[in-house]
$ cat entry_20.csv   # CSV, C-alpha atoms
chain,number,residue,atom,x,y,z
A,1,MET,CA,-74.5,-82.6,-80.8
A,2,SER,CA,-71.3,-83.3,-78.9
A,3,ASP,CA,-69.9,-80.2,-80.5
A,4,GLY,CA,-72.8,-78.2,-79.0
A,5,ARG,CA,-72.1,-79.6,-75.5
A,6,GLY,CA,-68.5,-78.8,-75.9
A,7,ASP,CA,-69.2,-75.2,-76.8
A,8,ASN,CA,-71.5,-74.8,-73.8
A,9,GLY,CA,-68.8,-76.2,-71.6
A,10,ASP,CA,-66.3,-73.7,-72.9
A,11,ARG,CA,-68.7,-70.9,-72.5
A,12,GLY,CA,-69.4,-72.0,-68.9
A,13,GLU,CA,-65.7,-72.1,-68.1
A,14,ALA,CA,-65.3,-68.7,-69.7
A,15,VAL,CA,-68.2,-67.2,-67.6
A,16,LEU,CA,-66.7,-68.8,-64.5
A,17,ALA,CA,-63.4,-67.3,-65.3
A,18,ILE,CA,-65.1,-63.9,-65.8
A,19,PHE,CA,-66.8,-64.3,-62.5
A,20,GLN,CA,-63.6,-65.3,-60.9
A,21,ARG,CA,-61.8,-62.3,-62.2
A,22,GLY,CA,-64.8,-60.2,-61.1
A,23,ALA,CA,-64.5,-61.7,-57.6
A,24,ASP,CA,-60.8,-61.1,-57.6
A,25,PHE,CA,-61.3,-57.5,-58.7
A,26,THR,CA,-64.0,-57.0,-56.1
A,27,ARG,CA,-61.6,-58.4,-53.4
A,28,GLU,CA,-58.9,-56.1,-54.6
A,29,LEU,CA,-61.3,-53.2,-54.4
A,30,LEU,CA,-62.2,-54.1,-50.9
A,31,ALA,CA,-58.6,-54.3,-49.9
A,32,GLU,CA,-57.8,-51.0,-51.5
A,33,ASN,CA,-60.8,-49.5,-49.8
A,34,GLU,CA,-59.6,-50.8,-46.5
A,35,ARG,CA,-56.1,-49.4,-47.1
A,36,LEU,CA,-57.5,-46.0,-48.1
A,37,ARG,CA,-59.7,-46.0,-45.0
A,38,THR,CA,-56.7,-46.7,-42.8
A,39,ARG,CA,-54.8,-43.9,-44.5
A,40,ILE,CA,-57.6,-41.5,-44.2
A,41,ASN,CA,-57.8,-42.3,-40.5
A,42,GLY,CA,-54.1,-41.6,-40.1
A,43,ILE,CA,-54.4,-38.4,-42.0
A,44,GLU,CA,-57.4,-37.3,-39.8
A,45,THR,CA,-55.4,-38.2,-36.7
A,46,ARG,CA,-52.4,-36.1,-37.9
A,47,GLN,CA,-54.8,-33.3,-38.8
A,48,GLN,CA,-56.2,-33.4,-35.3
A,49,GLU,CA,-52.7,-33.3,-33.9
A,50,ALA,CA,-51.7,-30.6,-36.3
A,51,ALA,CA,-54.8,-28.7,-35.2
A,52,GLN,CA,-53.6,-29.0,-31.6
A,53,SER,CA,-49.9,-27.8,-32.3
A,54,PRO,CA,-50.6,-24.1,-33.0
A,55,GLY,CA,-52.0,-23.9,-29.5
A,56,ASP,CA,-49.0,-25.7,-28.0
A,57,TRP,CA,-46.7,-23.5,-30.0
A,58,ASP,CA,-48.4,-20.4,-28.8
A,59,LYS,CA,-48.1,-21.7,-25.3
A,60,LEU,CA,-44.5,-22.6,-25.7
A,61,ARG,CA,-43.9,-19.2,-27.4
A,62,HIS,CA,-45.4,-17.5,-24.3
A,63,GLU,CA,-43.3,-19.6,-22.0
A,64,LEU,CA,-40.2,-18.8,-24.0
A,65,ILE,CA,-40.9,-15.1,-24.0
A,66,HIS,CA,-41.5,-15.2,-20.3
A,67,ARG,CA,-38.3,-17.1,-19.8
A,68,ILE,CA,-36.4,-14.6,-21.9
A,69,GLU,CA,-37.9,-11.8,-19.9
A,70,ASN,CA,-36.8,-13.6,-16.7
A,71,LEU,CA,-33.3,-14.1,-18.1
A,72,GLU,CA,-33.1,-10.4,-19.1
A,73,SER,CA,-34.3,-9.4,-15.7
A,74,GLU,CA,-31.7,-11.7,-14.1
A,75,ASN,CA,-29.1,-10.3,-16.5
A,76,ARG,CA,-30.0,-6.8,-15.4
A,77,ASP,CA,-29.8,-7.8,-11.8
A,78,ILE,CA,-26.4,-9.5,-12.3
A,79,LEU,CA,-25.2,-6.4,-14.2
A,80,GLU,CA,-26.4,-4.2,-11.3
A,81,GLN,CA,-24.7,-6.5,-8.8
A,82,LEU,CA,-21.6,-6.5,-10.9
A,83,GLN,CA,-21.6,-2.7,-11.0
A,84,GLN,CA,-22.2,-2.7,-7.3
A,85,VAL,CA,-19.3,-5.1,-6.7
A,86,GLU,CA,-17.1,-3.0,-9.0
A,87,SER,CA,-18.0,0.1,-7.1
A,88,GLU,CA,-17.4,-1.7,-3.7
A,89,ASN,CA,-14.1,-3.0,-5.2
A,90,GLN,CA,-13.2,0.6,-6.1
A,91,GLN,CA,-14.1,1.8,-2.6
A,92,PHE,CA,-12.1,-1.0,-1.1
A,93,ALA,CA,-9.1,-0.2,-3.3
A,94,GLU,CA,-9.3,3.5,-2.3
A,95,ARG,CA,-9.8,2.5,1.4
A,96,TYR,CA,-6.8,0.2,1.1
A,97,ILE,CA,-4.7,3.0,-0.2
A,98,GLU,CA,-5.9,5.3,2.6
A,99,ILE,CA,-5.2,2.5,5.2
A,100,GLU,CA,-1.8,1.9,3.7
A,101,GLU,CA,-1.0,5.7,3.9
A,102,GLU,CA,-2.4,5.8,7.5
A,103,ASN,CA,-0.2,2.8,8.3
A,104,ASN,CA,2.9,4.5,6.9
A,105,ASN,CA,2.0,7.7,8.8
A,106,LEU,CA,1.5,5.7,12.0
A,107,ALA,CA,4.8,4.0,11.5
A,108,ASN,CA,6.5,7.4,11.3
A,109,LEU,CA,4.7,8.7,14.4
A,110,TYR,CA,5.3,5.5,16.3
A,111,VAL,CA,9.0,5.6,15.5
A,112,ALA,CA,9.3,9.3,16.4
A,113,SER,CA,7.4,8.8,19.7
A,114,TYR,CA,9.4,5.6,20.6
A,115,GLN,CA,12.7,7.3,19.9
A,116,LEU,CA,11.8,10.5,21.9
A,117,HIS,CA,11.0,8.4,25.0
A,118,SER,CA,13.9,6.0,24.6
A,119,THR,CA,16.3,8.0,26.7
A,120,LEU,CA,16.6,10.2,29.7
A,121,ASP,CA,19.8,11.8,28.6
A,122,PRO,CA,19.1,15.5,27.6
A,123,SER,CA,21.7,15.5,24.9
A,124,GLU,CA,20.4,12.3,23.4
A,125,VAL,CA,16.8,13.7,23.5
A,126,LEU,CA,18.1,16.7,21.5
A,127,ARG,CA,19.9,14.4,19.0
A,128,ILE,CA,16.7,12.4,18.5
A,129,ILE,CA,14.7,15.6,17.9
A,130,VAL,CA,17.2,16.7,15.3
A,131,GLU,CA,17.1,13.3,13.7
A,132,ILE,CA,13.3,13.4,13.5
A,133,VAL,CA,13.2,16.9,12.0
A,134,ILE,CA,15.8,15.9,9.3
A,135,ASN,CA,14.7,12.4,8.5
A,136,LEU,CA,11.0,12.4,9.1
A,137,ILE,CA,10.0,16.0,8.4
A,138,GLY,CA,12.7,16.6,5.8
A,139,ALA,CA,14.1,19.9,7.0
A,140,GLU,CA,17.4,21.3,5.8
A,141,ILE,CA,17.9,24.4,8.0
A,142,PHE,CA,16.3,24.5,11.4
A,143,CYS,CA,17.1,25.3,15.0
A,144,VAL,CA,15.9,23.7,18.3
A,145,TYR,CA,15.5,26.1,21.2
A,146,VAL,CA,15.0,25.3,24.9
A,147,CYS,CA,13.6,27.5,27.6
A,148,PRO,CA,16.0,27.8,30.6
A,149,GLU,CA,14.4,27.4,34.0
A,150,ASN,CA,12.7,30.6,35.3
A,151,ALA,CA,13.6,32.5,32.1
A,152,ASN,CA,11.3,34.0,29.6
A,153,LEU,CA,13.4,33.3,26.6
A,154,LEU,CA,14.3,30.6,24.1
A,155,GLU,CA,17.9,29.6,23.9
A,156,PRO,CA,19.2,27.9,20.7
A,157,VAL,CA,20.7,24.5,21.6
A,158,ALA,CA,20.9,22.5,18.4
A,159,SER,CA,20.8,23.4,14.7
A,160,GLU,CA,21.2,21.8,11.3
A,161,GLY,CA,22.1,23.4,8.0
A,162,ALA,CA,23.5,26.6,9.7
A,163,ASP,CA,25.8,27.3,12.6
A,164,LEU,CA,24.1,27.6,16.0
A,165,ASP,CA,25.4,31.2,16.5
A,166,GLN,CA,23.3,32.3,13.5
A,167,PHE,CA,20.2,31.7,15.6
A,168,PRO,CA,19.8,34.4,18.3
A,169,GLU,CA,18.0,34.0,21.6
A,170,ILE,CA,14.3,34.7,21.4
A,171,GLU,CA,12.1,36.3,24.0
A,172,ILE,CA,8.9,34.3,24.6
A,173,GLY,CA,6.0,36.3,23.1
A,174,HIS,CA,8.1,38.1,20.5
A,175,GLY,CA,8.6,37.2,16.9
A,176,PRO,CA,6.9,34.2,15.1
A,177,VAL,CA,8.7,31.6,17.2
A,178,GLY,CA,8.2,33.5,20.5
A,179,GLU,CA,4.6,34.0,19.8
A,180,ALA,CA,4.1,30.3,18.8
A,181,VAL,CA,5.5,29.3,22.2
A,182,ALA,CA,3.5,31.9,24.1
A,183,GLN,CA,0.2,30.8,22.4
A,184,GLY,CA,1.0,27.1,22.2
A,185,ASN,CA,0.1,26.8,18.6
A,186,VAL,CA,2.1,25.5,15.7
A,187,VAL,CA,2.6,28.3,13.2
A,188,CYS,CA,3.1,27.6,9.5
A,189,SER,CA,4.0,30.4,7.1
A,190,ASP,CA,4.3,30.7,3.4
A,191,ALA,CA,7.9,31.8,3.8
A,192,ASP,CA,10.3,30.1,1.3
A,193,GLY,CA,13.5,30.3,3.4
A,194,ASP,CA,15.0,33.2,1.4
A,195,SER,CA,18.8,32.5,1.5
A,196,GLY,CA,19.5,36.2,0.9
A,197,VAL,CA,18.1,37.2,4.3
A,198,ALA,CA,20.0,36.5,7.6
A,199,LEU,CA,18.4,33.6,9.5
A,200,SER,CA,17.8,35.8,12.5
A,201,ASP,CA,15.6,38.0,10.3
A,202,GLN,CA,13.8,35.2,8.5
A,203,VAL,CA,10.3,34.2,9.3
A,204,PRO,CA,10.5,30.4,9.8
A,205,ILE,CA,8.5,28.1,7.5
A,206,VAL,CA,7.2,26.5,10.7
A,207,ALA,CA,7.5,27.3,14.3
A,208,ILE,CA,6.7,24.4,16.7
A,209,PRO,CA,6.2,25.3,20.3
A,210,LEU,CA,7.4,22.7,22.8
A,211,ARG,CA,5.2,22.9,25.9
A,212,VAL,CA,4.3,20.6,28.8
A,213,GLU,CA,0.7,21.7,29.6
A,214,ASP,CA,1.1,25.5,29.9
A,215,LEU,CA,4.8,25.4,30.7
A,216,PRO,CA,7.1,26.5,27.8
A,217,VAL,CA,9.9,24.0,27.3
A,218,GLY,CA,11.3,25.1,24.0
A,219,ALA,CA,10.7,25.4,20.3
A,220,ILE,CA,11.7,24.2,16.8
A,221,ALA,CA,12.0,26.6,14.0
A,222,VAL,CA,12.3,25.2,10.5
A,223,HIS,CA,13.8,27.7,8.0
A,224,ARG,CA,14.2,25.6,4.9
A,225,LEU,CA,13.1,22.1,3.6
A,226,LEU,CA,15.2,19.6,1.7
A,227,GLN,CA,15.2,20.4,-2.0
A,228,GLN,CA,13.2,17.3,-2.8
A,229,LYS,CA,10.5,18.2,-0.3
A,230,ALA,CA,7.8,20.3,-2.0
A,231,GLY,CA,5.7,21.2,1.1
A,232,PHE,CA,4.1,19.9,4.2
A,233,SER,CA,1.9,16.8,4.1
A,234,ALA,CA,-0.8,15.8,6.6
A,235,LEU,CA,1.8,13.5,8.2
A,236,ASP,CA,4.1,16.5,8.8
A,237,HIS,CA,1.3,18.3,10.6
A,238,GLU,CA,0.8,15.2,12.7
A,239,LEU,CA,4.5,15.1,13.4
A,240,PHE,CA,4.5,18.8,14.4
A,241,THR,CA,1.7,18.0,16.9
A,242,LEU,CA,3.6,15.0,18.2
A,243,LEU,CA,6.8,16.9,18.6
A,244,ALA,CA,5.0,19.8,20.3
A,245,GLY,CA,3.9,17.4,23.0
A,246,HIS,CA,6.3,14.4,23.1
A,247,ALA,CA,9.5,16.3,22.4
A,248,ALA,CA,8.6,18.8,25.2
A,249,THR,CA,7.8,15.9,27.6
A,250,ALA,CA,11.1,14.1,26.7
A,251,ILE,CA,13.2,17.3,27.2
A,252,PHE,CA,11.3,18.1,30.5
A,253,ALA,CA,11.7,14.5,31.8
A,254,SER,CA,15.4,14.2,30.8
A,255,ARG,CA,16.1,17.6,32.5
A,256,LEU,CA,14.3,16.5,35.7
A,257,TYR,CA,16.2,13.2,35.6
A,258,ALA,CA,19.5,14.9,35.1
A,259,GLN,CA,18.7,17.3,38.0
A,260,SER,CA,17.7,14.4,40.3
A,261,GLU,CA,20.9,12.6,39.4
A,262,ARG,CA,22.9,15.6,40.3
A,263,LYS,CA,21.0,16.1,43.6
A,264,LEU,CA,21.4,12.4,44.3
A,265,SER,CA,25.1,12.5,43.8
A,266,THR,CA,25.4,15.7,46.0
A,267,ILE,CA,23.3,14.0,48.8
A,268,GLN,CA,25.4,10.9,48.4
A,269,GLY,CA,28.5,13.0,48.8
A,270,PHE,CA,27.2,14.5,52.0
A,271,ILE,CA,26.2,11.2,53.4
A,272,ASP,CA,29.7,9.8,52.5
A,273,LEU,CA,31.3,12.8,54.2
A,274,LEU,CA,29.2,12.4,57.4
A,275,THR,CA,29.6,8.7,57.7
A,276,LYS,CA,33.4,8.6,57.1
B,1,MET,CA,16.0,-20.1,7.4
B,2,ALA,CA,15.2,-16.8,5.8
B,3,GLU,CA,14.8,-16.7,2.0
B,4,HIS,CA,16.4,-13.2,1.7
B,5,ARG,CA,18.8,-11.2,3.9
B,6,ILE,CA,18.7,-7.4,4.1
B,7,LEU,CA,21.3,-5.1,5.6
B,8,ILE,CA,20.4,-1.6,6.8
B,9,VAL,CA,23.5,0.6,7.0
B,10,GLU,CA,22.3,3.8,8.7
B,11,ASP,CA,23.8,5.8,11.6
B,12,SER,CA,20.4,7.3,12.7
B,13,PRO,CA,18.6,4.9,15.1
B,14,THR,CA,15.3,6.6,14.1
B,15,MET,CA,15.8,5.8,10.5
B,16,ARG,CA,17.0,2.3,11.2
B,17,GLN,CA,13.8,1.7,13.2
B,18,LEU,CA,11.6,3.1,10.5
B,19,LEU,CA,13.3,1.0,7.8
B,20,LEU,CA,13.1,-2.1,10.1
B,21,PHE,CA,9.4,-1.3,10.6
B,22,ALA,CA,8.8,-1.2,6.9
B,23,LEU,CA,10.9,-4.2,5.9
B,24,LYS,CA,9.4,-6.4,8.6
B,25,ARG,CA,6.3,-6.7,6.5
B,26,LEU,CA,8.2,-8.8,4.0
B,27,LYS,CA,8.0,-12.6,4.6
B,28,ASN,CA,11.0,-14.9,5.0
B,29,VAL,CA,13.4,-12.0,5.3
B,30,GLU,CA,16.1,-11.5,7.9
B,31,ILE,CA,17.1,-8.0,8.6
B,32,VAL,CA,20.5,-7.0,10.1
B,33,GLU,CA,21.5,-3.5,11.1
B,34,ALA,CA,24.8,-1.7,10.9
B,35,SER,CA,25.4,1.8,12.4
B,36,ASP,CA,28.1,3.1,10.0
B,37,GLY,CA,29.9,2.3,6.8
B,38,MET,CA,32.7,0.3,8.4
B,39,ASP,CA,30.2,-1.8,10.4
B,40,GLY,CA,28.3,-2.3,7.2
B,41,LEU,CA,31.5,-3.4,5.3
B,42,ARG,CA,32.3,-5.9,8.1
B,43,LYS,CA,28.9,-7.4,7.9
B,44,VAL,CA,28.7,-7.7,4.1
B,45,THR,CA,32.1,-9.3,3.9
B,46,SER,CA,31.5,-11.8,6.7
B,47,ASP,CA,28.0,-12.8,5.7
B,48,HIS,CA,25.7,-13.1,2.7
B,49,PHE,CA,23.2,-10.3,2.0
B,50,ASP,CA,20.8,-10.0,-1.0
B,51,LEU,CA,20.1,-6.3,-0.5
B,52,ALA,CA,21.6,-3.4,1.4
B,53,PHE,CA,19.9,0.0,2.3
B,54,VAL,CA,22.8,2.4,2.6
B,55,ASP,CA,22.8,6.0,4.0
B,56,ILE,CA,25.3,8.4,2.4
B,57,ASN,CA,26.2,10.7,5.3
B,58,MET,CA,27.6,8.5,8.0
B,59,PRO,CA,30.5,8.6,10.5
B,60,VAL,CA,33.6,6.5,10.2
B,61,MET,CA,32.9,5.5,6.5
B,62,ASP,CA,30.3,7.2,4.3
B,63,GLY,CA,27.8,5.4,2.1
B,64,LEU,CA,29.5,6.2,-1.2
B,65,LYS,CA,32.8,4.8,0.0
B,66,LEU,CA,31.0,1.6,1.2
B,67,ILE,CA,29.2,1.2,-2.2
B,68,SER,CA,32.5,1.6,-4.1
B,69,LEU,CA,34.2,-1.0,-1.9
B,70,ILE,CA,31.2,-3.4,-2.3
B,71,ARG,CA,31.2,-3.0,-6.0
B,72,GLY,CA,35.0,-3.6,-6.1
B,73,GLU,CA,34.5,-7.0,-4.5
B,74,GLN,CA,33.5,-9.7,-7.1
B,75,SER,CA,31.9,-11.9,-4.5
B,76,LEU,CA,29.4,-9.1,-3.6
B,77,GLU,CA,28.4,-8.2,-7.1
B,78,ALA,CA,25.0,-9.9,-6.9
B,79,MET,CA,24.0,-7.9,-3.9
B,80,SER,CA,21.5,-5.0,-4.7
B,81,ILE,CA,22.1,-1.6,-3.1
B,82,CYS,CA,19.5,1.0,-2.4
B,83,VAL,CA,20.7,4.4,-1.2
B,84,ILE,CA,18.6,6.4,1.3
B,85,THR,CA,19.8,9.9,1.7
B,86,THR,CA,18.8,13.5,2.4
B,87,GLU,CA,20.8,14.5,-0.8
B,88,GLY,CA,18.2,15.2,-3.4
B,89,ALA,CA,20.4,16.8,-6.1
B,90,SER,CA,20.5,14.9,-9.4
B,91,GLU,CA,24.3,14.9,-9.4
B,92,ASP,CA,24.3,13.1,-6.1
B,93,ARG,CA,21.9,10.5,-7.5
B,94,GLU,CA,24.0,10.1,-10.6
B,95,ARG,CA,27.2,9.6,-8.5
B,96,ALA,CA,25.6,6.9,-6.4
B,97,LEU,CA,24.2,5.1,-9.4
B,98,THR,CA,27.5,5.3,-11.3
B,99,LEU,CA,29.3,3.8,-8.3
B,100,GLY,CA,26.9,0.9,-8.5
B,101,ALA,CA,23.8,1.6,-6.4
B,102,ASN,CA,20.6,0.0,-7.9
B,103,GLU,CA,18.1,2.5,-6.4
B,104,TYR,CA,18.2,5.9,-4.9
B,105,LEU,CA,15.6,7.1,-2.3
B,106,THR,CA,15.5,10.5,-0.8
B,107,LYS,CA,14.4,11.4,2.8
B,108,PRO,CA,11.9,11.8,4.2
B,109,ILE,CA,11.0,8.3,3.2
B,110,GLN,CA,7.7,6.5,3.2
B,111,ALA,CA,7.5,2.9,4.4
B,112,ASN,CA,5.5,1.8,1.3
B,113,LYS,CA,8.2,3.1,-1.0
B,114,VAL,CA,10.9,1.3,0.9
B,115,LEU,CA,8.8,-1.9,0.7
B,116,ALA,CA,8.2,-1.5,-3.0
B,117,VAL,CA,11.9,-1.0,-3.7
B,118,ALA,CA,12.8,-4.0,-1.6
B,119,LYS,CA,10.3,-6.2,-3.4
B,120,SER,CA,11.5,-5.0,-6.8
B,121,LEU,CA,15.2,-5.6,-6.0
B,122,LEU,CA,14.6,-8.9,-4.3
B,123,LYS,CA,12.1,-9.9,-7.1
B,124,ILE,CA,9.3,-10.7,-4.6
B,125,ASP,CA,5.7,-10.5,-5.8
$ encode --input "entry_20.csv" --output "structure tokens"
Amino acid sequence: MSDGRGDNGDRGEAVLAIFQRGADFTRELLAENERLRTRINGIETRQQEAAQSPGDWDKLRHELIHRIENLESENRDILEQLQQVESENQQFAERYIEIEEENNNLANLYVASYQLHSTLDPSEVLRIIVEIVINLIGAEIFCVYVCPENANLLEPVASEGADLDQFPEIEIGHGPVGEAVAQGNVVCSDADGDSGVALSDQVPIVAIPLRVEDLPVGAIAVHRLLQQKAGFSALDHELFTLLAGHAATAIFASRLYAQSERKLSTIQGFIDLLTK
Amino acid sequence: MAEHRILIVEDSPTMRQLLLFALKRLKNVEIVEASDGMDGLRKVTSDHFDLAFVDINMPVMDGLKLISLIRGEQSLEAMSICVITTEGASEDRERALTLGANEYLTKPIQANKVLAVAKSLLKID
């Protein structure tokens, strides 16, 4: 009998152990189930987020495209501005060169004008005219004529590159120089200062009339330029105009001053004679 | 105190004034004038100059004589010389350069050329 009770006890313990294992297994299954549920929830959440991303990406892509377009547009604007600045720069550089040239020209004109009016001595005025024609115009052979009072002719008074006696007197209105003085216009010719022809027979390269208003005062006839001088520049033409007016005024003023000095000294002589 | 001293040796007052006008645009430069070669020689031997503009055809002493005297003086060898003349022939140029001129400009001159030569010889930017 006791063996039977003992067998039943063992069986009972075995069944309990089986139930226990079953219960453990069931608990494990429940824990696994819970873990899987959590994992599925995570996957679903990520799926939802993933489902939202393409839209965001598309939006972002549009924004980026828009930004690129803006940047390209800005780039084009900057390039246009750069080209504009470069063009302005070029214009400024050209203008600078022009102003620089103008400045140089004005320096020459200022110096010529200043020198012409720096003296009232007729011989000094003539020397300055000669200096200007040599140094500022670059003439090698030329003659300066003056018109004596109440005479219709031009008398050579100073020359360079040739003796004065090679330049004959000129009647106003006759020949290129005489006509230039009569008309009051600077006359330039294509003559090349042919050295085989006598100066008196040569047509001057330029004839500059010296006049105070309509009154002829003299003339400058240039027959040859210095060998390094190829032709006349814009500055030379300005100098011709300046000489035509200012040299004439300087000669006229110095003559008047010399006359007045002579008269003054004569009057002073008379006064001295009468008062002594 | 001027950084550089320039001497203009030229008998024509017109040219002297034009050179003065051009060179006055340089900063820290003192400019002295001489009316002929002898006057120029007196000035270069009694005072320091970095550069001299010398005309060739001058009374009393011409420019070539002045250049040869300057180049014969050891104490003046550092001074640069620029010739300004009406003589445009290549042999005149060669003669002046052989005597010791550093530059050779022919008349009629332009102020900007004078300025450029002065800057180059004085090594001014």
$ atom_distance --input "entry_20.csv" --atom1 "atom CA of Thr106 of chain B" --atom2 "atom CA of Asp92 of chain B"
10.6 Å
$ interface_residues --input "entry_20.csv" --of "chain A" --to "chain B" --cutoff "6 Å" --atoms "only C-alpha atoms" --output "list of chain:residue names"
A:Asn104, A:Asn135, A:Leu136, A:Gly138, A:Gln228
$ write_last_selection --input "entry_20.csv" --atoms "C-alpha atoms" --output "PDB file, in the coordinates of the input"
ATOM      1  CA  ASN A 104       2.900   4.500   6.900  1.00  0.00           C
ATOM      2  CA  ASN A 135      14.700  12.400   8.500  1.00  0.00           C
ATOM      3  CA  LEU A 136      11.000  12.400   9.100  1.00  0.00           C
ATOM      4  CA  GLY A 138      12.700  16.600   5.800  1.00  0.00           C
ATOM      5  CA  GLN A 228      13.200  17.300  -2.800  1.00  0.00           C
TER       6      GLN A 228
END
$ residues_around --input "entry_20.csv" --residues "Pro168 of chain A" --least-positions-apart "5" --cutoff "12 Å" --atoms "only C-alpha atoms" --output "PyMOL selection string"
chain A and resi 143-145+153-159+163+175+177-178+198-202+221
$ atom_distance --input "entry_20.csv" --atom1 "atom CA of Pro216 of chain A" --atom2 "atom CA of Ala250 of chain A"
13.1 Å
$ residues_around --input "entry_20.csv" --residues "Ala244 of chain A" --least-positions-apart "5" --cutoff "7 Å" --atoms "all atoms listed in the file" --output "list of chain:residue names"
A:Ile208, A:Pro209, A:Leu210, A:Arg211
$ closest_residue --input "entry_20.csv" --among "A:Leu273, A:Ala14, A:Ala93, A:Leu120" --to "Ala258 of chain A" --atoms "all atoms listed in the file"
A:Leu120
$ atom_distance --input "entry_20.csv" --atom1 "atom CA of Ile129 of chain A" --atom2 "atom CA of Leu243 of chain A"
8.0 Å
$ residues_around --input "entry_20.csv" --residues "Leu64 of chain B" --least-positions-apart "4" --cutoff "7 Å" --atoms "all atoms listed in the file" --output "short mmCIF file (atom, residue, chain, number, x, y, z; two decimals) with C-alpha atoms, in the coordinates of the input"
data_model
loop_
_atom_site.label_atom_id
_atom_site.label_comp_id
_atom_site.auth_asym_id
_atom_site.auth_seq_id
_atom_site.Cartn_x
_atom_site.Cartn_y
_atom_site.Cartn_z
CA ILE B 56 25.30 8.40 2.40
CA SER B 68 32.50 1.60 -4.10
CA ALA B 96 25.60 6.90 -6.40
#
$ build_atoms --input "entry_20.csv" --residues "segment 107-112 of chain B" --atoms "all heavy atoms" --output "PDB file, in the coordinates of the input"
ATOM      1  N   LYS B 107      15.202  11.165   1.519  1.00  0.00           N
ATOM      2  CA  LYS B 107      14.400  11.400   2.800  1.00  0.00           C
ATOM      3  C   LYS B 107      13.621  12.655   2.617  1.00  0.00           C
ATOM      4  O   LYS B 107      14.048  13.558   1.909  1.00  0.00           O
ATOM      5  CB  LYS B 107      15.400  11.514   3.944  1.00  0.00           C
ATOM      6  CG  LYS B 107      16.174  10.237   4.235  1.00  0.00           C
ATOM      7  CD  LYS B 107      17.164  10.496   5.359  1.00  0.00           C
ATOM      8  CE  LYS B 107      18.086   9.304   5.562  1.00  0.00           C
ATOM      9  NZ  LYS B 107      19.130   9.538   6.554  1.00  0.00           N
ATOM     10  N   PRO B 108      12.522  12.783   3.276  1.00  0.00           N
ATOM     11  CA  PRO B 108      11.900  11.800   4.200  1.00  0.00           C
ATOM     12  C   PRO B 108      11.307  10.650   3.386  1.00  0.00           C
ATOM     13  O   PRO B 108      10.706  10.884   2.340  1.00  0.00           O
ATOM     14  CB  PRO B 108      10.834  12.612   4.906  1.00  0.00           C
ATOM     15  CG  PRO B 108      10.506  13.755   4.008  1.00  0.00           C
ATOM     16  CD  PRO B 108      11.724  14.047   3.234  1.00  0.00           C
ATOM     17  N   ILE B 109      11.473   9.465   3.919  1.00  0.00           N
ATOM     18  CA  ILE B 109      11.000   8.300   3.200  1.00  0.00           C
ATOM     19  C   ILE B 109       9.622   7.848   3.677  1.00  0.00           C
ATOM     20  O   ILE B 109       9.216   8.165   4.787  1.00  0.00           O
ATOM     21  CB  ILE B 109      11.979   7.099   3.327  1.00  0.00           C
ATOM     22  CG1 ILE B 109      12.230   6.778   4.815  1.00  0.00           C
ATOM     23  CG2 ILE B 109      13.277   7.380   2.608  1.00  0.00           C
ATOM     24  CD1 ILE B 109      12.581   5.346   5.067  1.00  0.00           C
ATOM     25  N   GLN B 110       8.944   7.125   2.800  1.00  0.00           N
ATOM     26  CA  GLN B 110       7.700   6.500   3.200  1.00  0.00           C
ATOM     27  C   GLN B 110       7.878   5.013   3.200  1.00  0.00           C
ATOM     28  O   GLN B 110       8.534   4.448   2.298  1.00  0.00           O
ATOM     29  CB  GLN B 110       6.613   6.862   2.090  1.00  0.00           C
ATOM     30  CG  GLN B 110       6.106   8.296   2.161  1.00  0.00           C
ATOM     31  CD  GLN B 110       5.189   8.507   3.370  1.00  0.00           C
ATOM     32  OE1 GLN B 110       4.179   7.848   3.514  1.00  0.00           O
ATOM     33  NE2 GLN B 110       5.564   9.428   4.242  1.00  0.00           N
ATOM     34  N   ALA B 111       7.327   4.383   4.216  1.00  0.00           N
ATOM     35  CA  ALA B 111       7.500   2.900   4.400  1.00  0.00           C
ATOM     36  C   ALA B 111       7.096   2.147   3.159  1.00  0.00           C
ATOM     37  O   ALA B 111       7.766   1.193   2.778  1.00  0.00           O
ATOM     38  CB  ALA B 111       6.721   2.470   5.616  1.00  0.00           C
ATOM     39  N   ASN B 112       6.005   2.562   2.511  1.00  0.00           N
ATOM     40  CA  ASN B 112       5.500   1.800   1.300  1.00  0.00           C
ATOM     41  C   ASN B 112       6.504   1.884   0.167  1.00  0.00           C
ATOM     42  O   ASN B 112       6.637   0.937  -0.609  1.00  0.00           O
ATOM     43  CB  ASN B 112       4.123   2.221   0.928  1.00  0.00           C
ATOM     44  CG  ASN B 112       4.008   3.695   0.649  1.00  0.00           C
ATOM     45  OD1 ASN B 112       4.872   4.466   1.027  1.00  0.00           O
ATOM     46  ND2 ASN B 112       2.951   4.097  -0.019  1.00  0.00           N
TER      47      ASN B 112
END
